[in-house]
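Visitor: Got a structure for you, questions after.
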Amino acid sequence: MRALPAKVSIRWRLTLTYGALVFAASAVLLFSVYSIVAQAIDNNWPTLNIGGLQDQLVWRDAQQQAVTAAQNALLRSSLMALVGVGILSLIIGYFVADRALRPVTKMTATARKLSESTLAHQRIALEGPNDELKELADTFDAMLTRLNVAFDTQRRFVANASHELRTPLTINRTVLEIALSDPEASEDLKALGRTLLEVNARNEKLIEGLLLLARSERELAVRKPLDVQEVAQTAVEQVQPFAQEHGVTVTTELVSAPTIGDPVLLERSVSNLLENAVKYNIPENGKVWIRTGMVDGALVVQVANTGQHVPAYEVNSLFEPFRRLHADRVESAKGAGLGLSIVRAVVQAHGGNVAAVPRDGGGLVVTIRLPRR
């Protein structure tokens, strides 16, 4: 009973409150009329000059019977009317509550339809008197305007950062490659050039990861039909040379699972999972397993790998940006710690979720679940 109010909608709570107030007011009115009728009959009962005591008692008894009969008749009629008024008050209360909550319903529907792509033109624009609901709607519209400005600023920043950060790194790579191709360059110079190229490549990869993370955390700009099986197969083909270089065997079990989303982002997220599974594997005879398919009405992509033991309390932190397992003992050359962060951002942008658990014997089992659309 204590939990019941939390399960009843505000529309029904307003209806029941309205009905209870009307019912209580009607009951008070009935009690007042009940008392007034008795007093009115008693005050207006004709007085007769009857000499005998017996006759006076008979007359007084007739008066009392008339009052009681009138009260009983009034009570029966009023109770029936009170039931009708109670039912009518519930019906009227429901429509009154519905009309009062209509602006709130409109605000809720607008909020559900909003996305980053519709903020520029979608507003509540509630019309009516300047009451509390219109003030709330205007405040909500002002907040949407500020959000739209913030999203536009973010988009411009990502676009400008993409250009400003990539250009100098590309120039550096070109200059280094030209210097290394010079036949008169000394071995020391070539060794230094190769080192600088590796640093430059790592910086390029870091910037690409940051830009991809920023893009993944925004509203999806591309939504098209795709098959997770094909996305995973493409990712496996891209990672296969990297796996062979590290002596890791990739085993696939890919089943068709159609959905709607951004194929490039989904392919990148699956590739990140596979690359991480290869990087953080055992030195010899490492294994990686990838599966796709449908489980309980959801699209599932699961990647498991052999590797070092991963404590359960550290698993969730691996999805944070720039976080790596035992970061103080892992070479930074393995990555910047953005791979799983990008995976989580991409999956959440598609309305899904990603979870990881330690694998028996070492390594991780990472599972992506996407809604079927």
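In the structure tokens, chains take letters A, B, ... by order of appearance, with residues numbered from 1 within each chain and ligands from 1 in the order shown.
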Looking only at the backbone, which of the residues in region 91-172 of chain A does DSSP tag as alpha helix (DSSP H), as a PyMOL selection string?

Guide: chain A and resi 91-113+132-172

Visitor: So which residues touch region 363-372 of chain A within 9 Å, counting only C-alpha atoms, skipping near sequence neighbours fewer than 3 positions away, as a PyMOL selection string?

Guide: chain A and resi 257-260+273+277+280-282+294-295+297-310+315+343-344+347-348+350-360

Visitor: Compile the contact shell of Leu133 (chain A) as number ranges by chain: residues with an atom at most 12 Å away, counting only C-alpha atoms, same-chain residues fewer than 2 positions apart removed.

Guide: A: 100-107, 124-131, 135-140

Visitor: Export N, CA, C and O atoms of the chosen residues as a compact mmCIF listing (two decimals), in the first residue's frame?

Guide:
# COMPACT_ATOMS: atom_id res chain seq x y z
N ALA A 100 -5.40 19.83 -17.89
CA ALA A 100 -4.36 20.56 -17.15
C ALA A 100 -2.97 20.04 -17.48
O ALA A 100 -2.00 20.80 -17.50
N LEU A 101 -2.87 18.72 -17.75
CA LEU A 101 -1.56 18.11 -18.02
C LEU A 101 -1.22 18.08 -19.51
O LEU A 101 -0.16 17.58 -19.87
N ARG A 102 -2.10 18.59 -20.36
CA ARG A 102 -1.82 18.56 -21.79
C ARG A 102 -0.53 19.31 -22.15
O ARG A 102 0.26 18.80 -22.96
N PRO A 103 -0.26 20.48 -21.58
CA PRO A 103 1.03 21.12 -21.89
C PRO A 103 2.22 20.28 -21.45
O PRO A 103 3.25 20.24 -22.14
N VAL A 104 2.10 19.59 -20.31
CA VAL A 104 3.19 18.73 -19.85
C VAL A 104 3.39 17.57 -20.82
O VAL A 104 4.52 17.18 -21.12
N THR A 105 2.28 17.00 -21.32
CA THR A 105 2.37 15.92 -22.31
C THR A 105 3.07 16.39 -23.58
O THR A 105 3.89 15.67 -24.16
N LYS A 106 2.76 17.63 -24.00
CA LYS A 106 3.41 18.19 -25.18
C LYS A 106 4.90 18.37 -24.95
O LYS A 106 5.72 18.06 -25.82
N MET A 107 5.28 18.84 -23.76
CA MET A 107 6.70 19.01 -23.45
C MET A 107 7.42 17.67 -23.43
O MET A 107 8.55 17.55 -23.91
N ILE A 124 9.13 23.79 -28.06
CA ILE A 124 7.78 23.54 -27.55
C ILE A 124 6.84 24.64 -28.01
O ILE A 124 5.74 24.37 -28.49
N ALA A 125 7.26 25.90 -27.84
CA ALA A 125 6.47 27.06 -28.26
C ALA A 125 5.04 26.97 -27.74
O ALA A 125 4.06 27.04 -28.49
N LEU A 126 4.89 26.82 -26.43
CA LEU A 126 3.58 26.67 -25.80
C LEU A 126 2.83 27.99 -25.85
O LEU A 126 3.35 29.04 -25.49
N GLU A 127 1.59 27.94 -26.29
CA GLU A 127 0.73 29.11 -26.35
C GLU A 127 -0.29 29.05 -25.23
O GLU A 127 -0.73 27.98 -24.82
N GLY A 128 -0.68 30.23 -24.74
CA GLY A 128 -1.66 30.28 -23.67
C GLY A 128 -1.32 31.36 -22.68
O GLY A 128 -0.43 32.21 -22.90
N PRO A 129 -2.04 31.39 -21.55
CA PRO A 129 -1.79 32.43 -20.54
C PRO A 129 -0.41 32.27 -19.92
O PRO A 129 0.18 31.19 -19.91
N ASN A 130 0.09 33.36 -19.37
CA ASN A 130 1.41 33.35 -18.75
C ASN A 130 1.34 32.76 -17.34
O ASN A 130 1.49 33.45 -16.32
N ASP A 131 1.08 31.46 -17.29
CA ASP A 131 1.00 30.78 -16.00
C ASP A 131 2.29 29.99 -15.75
O ASP A 131 3.28 30.14 -16.48
N GLU A 135 5.64 29.27 -18.21
CA GLU A 135 6.97 29.66 -17.75
C GLU A 135 7.93 28.47 -17.81
O GLU A 135 9.09 28.60 -18.22
N LEU A 136 7.43 27.28 -17.45
CA LEU A 136 8.27 26.08 -17.53
C LEU A 136 8.63 25.76 -18.98
O LEU A 136 9.78 25.43 -19.29
N ALA A 137 7.65 25.87 -19.90
CA ALA A 137 7.91 25.60 -21.31
C ALA A 137 8.90 26.60 -21.90
O ALA A 137 9.81 26.22 -22.66
N ASP A 138 8.76 27.87 -21.56
CA ASP A 138 9.71 28.88 -22.05
C ASP A 138 11.12 28.64 -21.52
O ASP A 138 12.11 28.83 -22.23
N THR A 139 11.22 28.22 -20.25
CA THR A 139 12.53 27.90 -19.69
C THR A 139 13.15 26.72 -20.42
O THR A 139 14.36 26.70 -20.70
N PHE A 140 12.33 25.71 -20.73
CA PHE A 140 12.81 24.54 -21.47
C PHE A 140 13.28 24.95 -22.86
O PHE A 140 14.32 24.46 -23.34

Visitor: Considering only C-alpha atoms, state which residue in the set A:Ala201, A:Leu14, A:Ala40, A:Ile87 is at the smallest distance from Gln71 (chain A).

Guide: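 Using only C-alpha atoms, the shortest distance to Gln71 (chain A) belongs to A:Ala40.
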
Visitor: Ranking A:Trp12, A:Phe319, A:Trp289, A:Phe157 by minimum distance to Leu90 (chain A) and counting only C-alpha atoms, which one comes first?

Guide: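 Ranking A:Trp12, A:Phe319, A:Trp289, A:Phe157 by distance to Leu90 (chain A), first place goes to A:Trp12.
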
Visitor: Taking 2 positions as the minimum chain separation for residues in the same chain, which residues sit within 8 Å of Leu274 (chain A) when counting only C-alpha atoms? Answer as a PDB file with all heavy atoms, in the first residue's frame.

Guide:
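This went into part.pdb:
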ATOM      1  N   ALA A 235      36.050  -6.178 -40.010  1.00  0.00           N
ATOM      2  CA  ALA A 235      36.996  -5.865 -38.942  1.00  0.00           C
ATOM      3  C   ALA A 235      38.021  -6.979 -38.757  1.00  0.00           C
ATOM      4  O   ALA A 235      39.209  -6.721 -38.547  1.00  0.00           O
ATOM      5  CB  ALA A 235      36.240  -5.617 -37.636  1.00  0.00           C
ATOM      6  N   VAL A 236      37.577  -8.230 -38.864  1.00  0.00           N
ATOM      7  CA  VAL A 236      38.495  -9.363 -38.728  1.00  0.00           C
ATOM      8  C   VAL A 236      39.534  -9.347 -39.841  1.00  0.00           C
ATOM      9  O   VAL A 236      40.737  -9.567 -39.605  1.00  0.00           O
ATOM     10  CB  VAL A 236      37.717 -10.697 -38.732  1.00  0.00           C
ATOM     11  CG1 VAL A 236      38.670 -11.883 -38.855  1.00  0.00           C
ATOM     12  CG2 VAL A 236      36.879 -10.824 -37.469  1.00  0.00           C
ATOM     13  N   VAL A 239      42.196  -6.741 -39.081  1.00  0.00           N
ATOM     14  CA  VAL A 239      43.063  -7.026 -37.934  1.00  0.00           C
ATOM     15  C   VAL A 239      43.901  -8.281 -38.158  1.00  0.00           C
ATOM     16  O   VAL A 239      44.897  -8.497 -37.457  1.00  0.00           O
ATOM     17  CB  VAL A 239      42.206  -7.142 -36.653  1.00  0.00           C
ATOM     18  CG1 VAL A 239      43.043  -7.518 -35.441  1.00  0.00           C
ATOM     19  CG2 VAL A 239      41.471  -5.828 -36.397  1.00  0.00           C
ATOM     20  N   VAL A 270      34.374  -2.634 -33.340  1.00  0.00           N
ATOM     21  CA  VAL A 270      34.738  -4.054 -33.361  1.00  0.00           C
ATOM     22  C   VAL A 270      36.241  -4.207 -33.601  1.00  0.00           C
ATOM     23  O   VAL A 270      36.907  -5.051 -32.989  1.00  0.00           O
ATOM     24  CB  VAL A 270      33.921  -4.806 -34.424  1.00  0.00           C
ATOM     25  CG1 VAL A 270      34.358  -6.275 -34.496  1.00  0.00           C
ATOM     26  CG2 VAL A 270      32.432  -4.735 -34.107  1.00  0.00           C
ATOM     27  N   SER A 271      36.792  -3.374 -34.478  1.00  0.00           N
ATOM     28  CA  SER A 271      38.239  -3.419 -34.727  1.00  0.00           C
ATOM     29  C   SER A 271      39.029  -3.086 -33.462  1.00  0.00           C
ATOM     30  O   SER A 271      40.062  -3.703 -33.181  1.00  0.00           O
ATOM     31  CB  SER A 271      38.606  -2.440 -35.844  1.00  0.00           C
ATOM     32  OG  SER A 271      38.002  -2.812 -37.068  1.00  0.00           O
ATOM     33  N   ASN A 272      38.535  -2.103 -32.695  1.00  0.00           N
ATOM     34  CA  ASN A 272      39.215  -1.759 -31.445  1.00  0.00           C
ATOM     35  C   ASN A 272      39.221  -2.933 -30.478  1.00  0.00           C
ATOM     36  O   ASN A 272      40.236  -3.195 -29.809  1.00  0.00           O
ATOM     37  CB  ASN A 272      38.528  -0.553 -30.796  1.00  0.00           C
ATOM     38  CG  ASN A 272      38.894   0.752 -31.467  1.00  0.00           C
ATOM     39  OD1 ASN A 272      39.703   0.785 -32.389  1.00  0.00           O
ATOM     40  ND2 ASN A 272      38.291   1.831 -31.033  1.00  0.00           N
ATOM     41  N   ASN A 276      42.690  -4.674 -29.283  1.00  0.00           N
ATOM     42  CA  ASN A 276      43.018  -4.810 -27.869  1.00  0.00           C
ATOM     43  C   ASN A 276      43.220  -6.269 -27.483  1.00  0.00           C
ATOM     44  O   ASN A 276      44.119  -6.599 -26.688  1.00  0.00           O
ATOM     45  CB  ASN A 276      41.897  -4.210 -27.015  1.00  0.00           C
ATOM     46  CG  ASN A 276      42.066  -2.712 -26.829  1.00  0.00           C
ATOM     47  OD1 ASN A 276      42.957  -2.117 -27.403  1.00  0.00           O
ATOM     48  ND2 ASN A 276      41.193  -2.118 -26.034  1.00  0.00           N
ATOM     49  N   ALA A 277      42.370  -7.148 -28.043  1.00  0.00           N
ATOM     50  CA  ALA A 277      42.493  -8.573 -27.724  1.00  0.00           C
ATOM     51  C   ALA A 277      43.820  -9.132 -28.209  1.00  0.00           C
ATOM     52  O   ALA A 277      44.387 -10.048 -27.597  1.00  0.00           O
ATOM     53  CB  ALA A 277      41.323  -9.340 -28.345  1.00  0.00           C
ATOM     54  N   VAL A 278      44.338  -8.599 -29.322  1.00  0.00           N
ATOM     55  CA  VAL A 278      45.632  -9.049 -29.841  1.00  0.00           C
ATOM     56  C   VAL A 278      46.780  -8.423 -29.048  1.00  0.00           C
ATOM     57  O   VAL A 278      47.753  -9.099 -28.689  1.00  0.00           O
ATOM     58  CB  VAL A 278      45.753  -8.713 -31.342  1.00  0.00           C
ATOM     59  CG1 VAL A 278      47.157  -9.011 -31.843  1.00  0.00           C
ATOM     60  CG2 VAL A 278      44.719  -9.501 -32.147  1.00  0.00           C
ATOM     61  N   VAL A 288      42.116 -15.495 -29.976  1.00  0.00           N
ATOM     62  CA  VAL A 288      41.036 -14.519 -29.909  1.00  0.00           C
ATOM     63  C   VAL A 288      39.798 -15.156 -30.537  1.00  0.00           C
ATOM     64  O   VAL A 288      39.887 -15.779 -31.598  1.00  0.00           O
ATOM     65  CB  VAL A 288      41.396 -13.211 -30.653  1.00  0.00           C
ATOM     66  CG1 VAL A 288      40.182 -12.286 -30.725  1.00  0.00           C
ATOM     67  CG2 VAL A 288      42.550 -12.512 -29.971  1.00  0.00           C
ATOM     68  N   VAL A 303      33.714 -10.632 -28.008  1.00  0.00           N
ATOM     69  CA  VAL A 303      35.137 -10.847 -28.292  1.00  0.00           C
ATOM     70  C   VAL A 303      35.801 -11.327 -27.004  1.00  0.00           C
ATOM     71  O   VAL A 303      35.687 -10.667 -25.958  1.00  0.00           O
ATOM     72  CB  VAL A 303      35.816  -9.559 -28.803  1.00  0.00           C
ATOM     73  CG1 VAL A 303      37.312  -9.788 -28.994  1.00  0.00           C
ATOM     74  CG2 VAL A 303      35.171  -9.105 -30.114  1.00  0.00           C
TER      75      VAL A 303
END

Visitor: Region 335-372 of chain A: which residues are strand (DSSP E) by DSSP, as a list of chain:residue names?

Guide: A:Asn353, A:Val354, A:Ala355, A:Ala356, A:Val357, A:Pro358, A:Leu364, A:Val365, A:Val366, A:Thr367, A:Ile368, A:Arg369, A:Leu370, A:Pro371

Visitor: Could you write out the selected residues, including all heavy atoms, as a compact mmCIF listing (two decimals), in the first residue's frame?

Guide:
# COMPACT_ATOMS: atom_id res chain seq x y z
N ASN A 353 24.60 -1.33 -25.07
CA ASN A 353 25.49 -1.31 -23.93
C ASN A 353 26.62 -2.31 -24.14
O ASN A 353 26.49 -3.25 -24.94
CB ASN A 353 24.74 -1.62 -22.63
CG ASN A 353 24.11 -3.00 -22.65
OD1 ASN A 353 24.78 -4.01 -22.45
ND2 ASN A 353 22.80 -3.07 -22.89
N VAL A 354 27.72 -2.10 -23.44
CA VAL A 354 28.89 -2.98 -23.55
C VAL A 354 29.34 -3.34 -22.15
O VAL A 354 29.31 -2.50 -21.24
CB VAL A 354 30.03 -2.30 -24.35
CG1 VAL A 354 30.43 -0.98 -23.72
CG2 VAL A 354 31.22 -3.23 -24.48
N ALA A 355 29.70 -4.59 -21.97
CA ALA A 355 30.15 -5.07 -20.66
C ALA A 355 31.32 -6.01 -20.85
O ALA A 355 31.45 -6.67 -21.89
CB ALA A 355 29.00 -5.77 -19.93
N ALA A 356 32.17 -6.07 -19.83
CA ALA A 356 33.35 -6.95 -19.87
C ALA A 356 33.45 -7.71 -18.57
O ALA A 356 33.13 -7.17 -17.50
CB ALA A 356 34.62 -6.13 -20.12
N VAL A 357 33.89 -8.94 -18.66
CA VAL A 357 34.11 -9.78 -17.48
C VAL A 357 35.44 -10.51 -17.67
O VAL A 357 35.85 -10.80 -18.79
CB VAL A 357 32.98 -10.80 -17.28
CG1 VAL A 357 31.67 -10.10 -16.95
CG2 VAL A 357 32.81 -11.69 -18.50
N PRO A 358 36.14 -10.79 -16.56
CA PRO A 358 37.39 -11.55 -16.68
C PRO A 358 37.11 -12.96 -17.21
O PRO A 358 36.12 -13.60 -16.84
CB PRO A 358 37.92 -11.60 -15.25
CG PRO A 358 37.24 -10.47 -14.55
CD PRO A 358 35.90 -10.34 -15.19
N LEU A 364 39.99 -11.30 -21.25
CA LEU A 364 38.69 -10.66 -21.05
C LEU A 364 37.66 -11.26 -22.00
O LEU A 364 38.00 -11.79 -23.07
CB LEU A 364 38.79 -9.15 -21.32
CG LEU A 364 39.28 -8.23 -20.20
CD1 LEU A 364 39.31 -6.80 -20.72
CD2 LEU A 364 38.38 -8.33 -18.98
N VAL A 365 36.40 -11.11 -21.61
CA VAL A 365 35.27 -11.40 -22.49
C VAL A 365 34.43 -10.13 -22.56
O VAL A 365 33.83 -9.72 -21.56
CB VAL A 365 34.41 -12.57 -21.98
CG1 VAL A 365 33.24 -12.81 -22.92
CG2 VAL A 365 35.25 -13.84 -21.85
N VAL A 366 34.43 -9.48 -23.71
CA VAL A 366 33.71 -8.23 -23.91
C VAL A 366 32.49 -8.48 -24.78
O VAL A 366 32.61 -9.07 -25.86
CB VAL A 366 34.60 -7.14 -24.56
CG1 VAL A 366 33.86 -5.83 -24.66
CG2 VAL A 366 35.89 -6.97 -23.77
N THR A 367 31.33 -8.04 -24.31
CA THR A 367 30.07 -8.31 -25.00
C THR A 367 29.36 -7.00 -25.32
O THR A 367 29.13 -6.18 -24.43
CB THR A 367 29.14 -9.19 -24.14
OG1 THR A 367 29.83 -10.39 -23.79
CG2 THR A 367 27.88 -9.54 -24.91
N ILE A 368 29.05 -6.82 -26.60
CA ILE A 368 28.27 -5.66 -27.06
C ILE A 368 26.85 -6.13 -27.33
O ILE A 368 26.62 -7.12 -28.02
CB ILE A 368 28.88 -5.07 -28.34
CG1 ILE A 368 30.25 -4.46 -28.06
CG2 ILE A 368 27.95 -4.01 -28.94
CD1 ILE A 368 30.96 -3.97 -29.31
N ARG A 369 25.88 -5.39 -26.81
CA ARG A 369 24.46 -5.67 -27.07
C ARG A 369 23.83 -4.44 -27.72
O ARG A 369 23.91 -3.35 -27.16
CB ARG A 369 23.72 -6.03 -25.79
CG ARG A 369 24.14 -7.36 -25.19
CD ARG A 369 23.34 -7.69 -23.93
NE ARG A 369 23.74 -8.96 -23.38
CZ ARG A 369 23.22 -10.14 -23.73
NH1 ARG A 369 22.26 -10.19 -24.62
NH2 ARG A 369 23.66 -11.26 -23.17
N LEU A 370 23.22 -4.66 -28.85
CA LEU A 370 22.56 -3.57 -29.59
C LEU A 370 21.09 -3.91 -29.75
O LEU A 370 20.73 -5.08 -30.00
CB LEU A 370 23.19 -3.37 -30.96
CG LEU A 370 24.67 -2.98 -30.99
CD1 LEU A 370 25.18 -2.98 -32.43
CD2 LEU A 370 24.86 -1.61 -30.37
N PRO A 371 20.19 -2.92 -29.66
CA PRO A 371 18.78 -3.21 -29.87
C PRO A 371 18.49 -3.52 -31.33
O PRO A 371 19.12 -2.96 -32.24
CB PRO A 371 18.09 -1.91 -29.45
CG PRO A 371 19.13 -0.85 -29.64
CD PRO A 371 20.45 -1.52 -29.34

Visitor: Considering only C-alpha atoms, return as a VMD selection string whatever protein or nucleic-acid residues lie within 8 Å of Thr15 (chain A), sequence-local ones (same chain, fewer than 2 positions apart) excluded.

Guide: chain A and resid 11 to 13 17 to 19 90 to 91 93 to 94 96 to 97

Visitor: Neighbours of Val175 (chain A) within 12 Å (only C-alpha atoms; same-chain residues fewer than 3 positions away dropped), as a JSON list (two decimals) with N, CA and C atoms, in the first residue's frame?

Guide:
[["chain", "number", "residue", "atom", "x", "y", "z"],
["A", 168, "PRO", "N", 49.89, 19.56, -39.45],
["A", 168, "PRO", "CA", 51.33, 19.56, -39.11],
["A", 168, "PRO", "C", 51.91, 18.16, -38.98],
["A", 169, "LEU", "N", 51.14, 17.21, -38.47],
["A", 169, "LEU", "CA", 51.64, 15.85, -38.37],
["A", 169, "LEU", "C", 51.88, 15.24, -39.75],
["A", 170, "THR", "N", 50.98, 15.54, -40.69],
["A", 170, "THR", "CA", 51.16, 15.05, -42.06],
["A", 170, "THR", "C", 52.41, 15.65, -42.69],
["A", 171, "ILE", "N", 52.62, 16.94, -42.43],
["A", 171, "ILE", "CA", 53.82, 17.61, -42.96],
["A", 171, "ILE", "C", 55.07, 16.98, -42.35],
["A", 172, "ASN", "N", 55.05, 16.74, -41.04],
["A", 172, "ASN", "CA", 56.21, 16.13, -40.38],
["A", 172, "ASN", "C", 56.52, 14.76, -40.96],
["A", 178, "ILE", "N", 60.94, 11.95, -46.69],
["A", 178, "ILE", "CA", 61.88, 12.45, -47.72],
["A", 178, "ILE", "C", 63.31, 12.37, -47.21],
["A", 179, "ALA", "N", 63.51, 12.71, -45.94],
["A", 179, "ALA", "CA", 64.86, 12.65, -45.37],
["A", 179, "ALA", "C", 65.39, 11.22, -45.34],
["A", 180, "LEU", "N", 64.51, 10.26, -45.02],
["A", 180, "LEU", "CA", 64.94, 8.86, -44.97],
["A", 180, "LEU", "C", 65.23, 8.30, -46.36],
["A", 181, "SER", "N", 64.63, 8.88, -47.36],
["A", 181, "SER", "CA", 64.85, 8.38, -48.73],
["A", 181, "SER", "C", 66.13, 8.94, -49.35],
["A", 182, "ASP", "N", 66.76, 9.85, -48.66],
["A", 182, "ASP", "CA", 68.00, 10.43, -49.17],
["A", 182, "ASP", "C", 69.13, 9.39, -49.07],
["A", 193, "GLY", "N", 65.40, 9.35, -37.79],
["A", 193, "GLY", "CA", 64.20, 9.58, -38.59],
["A", 193, "GLY", "C", 63.15, 8.51, -38.36],
["A", 194, "ARG", "N", 63.60, 7.24, -38.27],
["A", 194, "ARG", "CA", 62.64, 6.16, -38.03],
["A", 194, "ARG", "C", 61.99, 6.31, -36.65],
["A", 196, "LEU", "N", 61.54, 9.13, -35.03],
["A", 196, "LEU", "CA", 60.59, 10.25, -35.12],
["A", 196, "LEU", "C", 59.34, 9.86, -35.89],
["A", 197, "LEU", "N", 59.50, 9.02, -36.91],
["A", 197, "LEU", "CA", 58.32, 8.55, -37.64],
["A", 197, "LEU", "C", 57.40, 7.74, -36.74],
["A", 200, "ASN", "N", 55.63, 10.15, -34.52],
["A", 200, "ASN", "CA", 54.63, 10.87, -35.31],
["A", 200, "ASN", "C", 53.41, 10.00, -35.59]]
